[in-house]
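> Pasting in a structure now, in structure tokens, and then I'll have a few things to ask.
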Amino acid sequence: MNTQIMHFTFLNTYATRLSISVLAIIITACGGSKSAFTQSGDGSYYADKFAGRATASGVPYRPGKLTAAHNTLPFGTRIRVTNVRTGRSVKVVVNDRGPHAKGRIVDVSKRAAGKLGLLDAGVAPVKLKVIRAAPAKR
């Protein structure tokens, strides 16, 4: 009788672990909590002097593209940046690390800054929201 209980307990534990693993895979495949990432703080944009220089991802910075630098989000993550003052927003792809100025949470390309109304202000309060997690590495 004890052998049957031990066998049942083993199978029950194994099934629970398997269920948790499958659930974790499903959550990850659907974007999970990373797609719910939001952040608020100051945003700024890249100076023209960085045009053509390699970003941390290896891709050259192009002022006319809709890209951004963030300190922790994976390269390839698509985020919506919203200027809190104006309500204007833009979708950008993270391809660099930064900003390196204290208190700032994102640097956007010049084109993105124009859409946000940041060109004159230089720095403005923004909200970030991940809208598509970075593609899985192969």
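Residues in the structure tokens are named by chain (A, B, ... in the order shown) and by number from 1 within that chain; ligands are numbered from 1 in the order shown.
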Taking 2 positions as the minimum chain separation for residues in the same chain, which residues sit within 12 Å of A:Thr38 when counting only C-alpha atoms? Answer as a ChimeraX atom specification.
/A:33-36,40-41,73,79-82,105,126-131
> Find the residue from A:His100, A:Arg78, A:Arg111, A:Lys91 that sits nearest to A:Arg62; use only C-alpha atoms when measuring.
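Nearest candidate to A:Arg62 out of A:His100, A:Arg78, A:Arg111, A:Lys91: A:Arg111.
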> Per DSSP on the backbone, what are the helix (DSSP H, G or I) residues of stretch 78-113 of chain A, as a list in words?
Lys110, Arg111, Ala112 and Ala113 of chain A
> Write out the residues from the selection above, keeping N, CA, C and O atoms, as a PDB file, in the first residue's frame.

```pdb
ATOM      1  N   LYS A 110      16.439  61.190 -33.874  1.00  0.00           N
ATOM      2  CA  LYS A 110      15.977  62.535 -34.200  1.00  0.00           C
ATOM      3  C   LYS A 110      14.582  62.510 -34.834  1.00  0.00           C
ATOM      4  O   LYS A 110      13.736  63.343 -34.530  1.00  0.00           O
ATOM      5  N   ARG A 111      14.331  61.538 -35.712  1.00  0.00           N
ATOM      6  CA  ARG A 111      13.012  61.433 -36.349  1.00  0.00           C
ATOM      7  C   ARG A 111      11.930  61.171 -35.292  1.00  0.00           C
ATOM      8  O   ARG A 111      10.871  61.792 -35.313  1.00  0.00           O
ATOM      9  N   ALA A 112      12.216  60.265 -34.365  1.00  0.00           N
ATOM     10  CA  ALA A 112      11.257  59.972 -33.297  1.00  0.00           C
ATOM     11  C   ALA A 112      11.045  61.204 -32.419  1.00  0.00           C
ATOM     12  O   ALA A 112       9.921  61.502 -32.009  1.00  0.00           O
ATOM     13  N   ALA A 113      12.124  61.949 -32.149  1.00  0.00           N
ATOM     14  CA  ALA A 113      12.026  63.159 -31.338  1.00  0.00           C
ATOM     15  C   ALA A 113      11.121  64.188 -32.019  1.00  0.00           C
ATOM     16  O   ALA A 113      10.339  64.874 -31.358  1.00  0.00           O
TER      17      ALA A 113
END
```
> List the neighbours of A:Leu119 out to 12 Å using only C-alpha atoms; skip same-chain residues closer than 5 positions along the sequence, and give me the result as a ChimeraX atom specification.
/A:43-48,83,108-114,124
> Would you put the residues from that selection into a file with N, CA and C atoms, as a tab-separated table (two decimals), in the first residue's frame?

```
chain	number	residue	atom	x	y	z
A	43	GLY	N	12.83	61.68	-21.10
A	43	GLY	CA	13.34	61.20	-22.37
A	43	GLY	C	14.08	62.31	-23.10
A	44	SER	N	15.02	61.92	-23.93
A	44	SER	CA	15.79	62.88	-24.72
A	44	SER	C	16.07	62.26	-26.08
A	45	TYR	N	16.87	62.96	-26.89
A	45	TYR	CA	17.20	62.40	-28.21
A	45	TYR	C	18.68	62.56	-28.51
A	46	TYR	N	19.14	61.72	-29.47
A	46	TYR	CA	20.53	61.69	-29.88
A	46	TYR	C	20.94	62.97	-30.59
A	47	ALA	N	22.12	63.43	-30.30
A	47	ALA	CA	22.68	64.57	-31.03
A	47	ALA	C	23.11	64.12	-32.43
A	48	ASP	N	23.14	65.06	-33.35
A	48	ASP	CA	23.54	64.76	-34.74
A	48	ASP	C	24.95	64.19	-34.83
A	83	ASN	N	5.09	61.36	-25.11
A	83	ASN	CA	5.45	62.62	-24.47
A	83	ASN	C	4.27	62.99	-23.57
A	108	VAL	N	15.82	58.79	-27.91
A	108	VAL	CA	15.21	58.41	-29.18
A	108	VAL	C	15.97	59.04	-30.33
A	109	SER	N	15.77	58.50	-31.52
A	109	SER	CA	16.39	59.07	-32.71
A	109	SER	C	15.78	60.44	-33.00
A	110	LYS	N	16.44	61.19	-33.87
A	110	LYS	CA	15.98	62.54	-34.20
A	110	LYS	C	14.58	62.51	-34.83
A	111	ARG	N	14.33	61.54	-35.71
A	111	ARG	CA	13.01	61.43	-36.35
A	111	ARG	C	11.93	61.17	-35.29
A	112	ALA	N	12.22	60.26	-34.37
A	112	ALA	CA	11.26	59.97	-33.30
A	112	ALA	C	11.04	61.20	-32.42
A	113	ALA	N	12.12	61.95	-32.15
A	113	ALA	CA	12.03	63.16	-31.34
A	113	ALA	C	11.12	64.19	-32.02
A	114	GLY	N	11.21	64.29	-33.33
A	114	GLY	CA	10.34	65.21	-34.07
A	114	GLY	C	8.88	64.83	-33.93
A	124	ALA	N	12.02	65.82	-22.08
A	124	ALA	CA	10.62	65.94	-21.66
A	124	ALA	C	10.22	64.68	-20.88
```
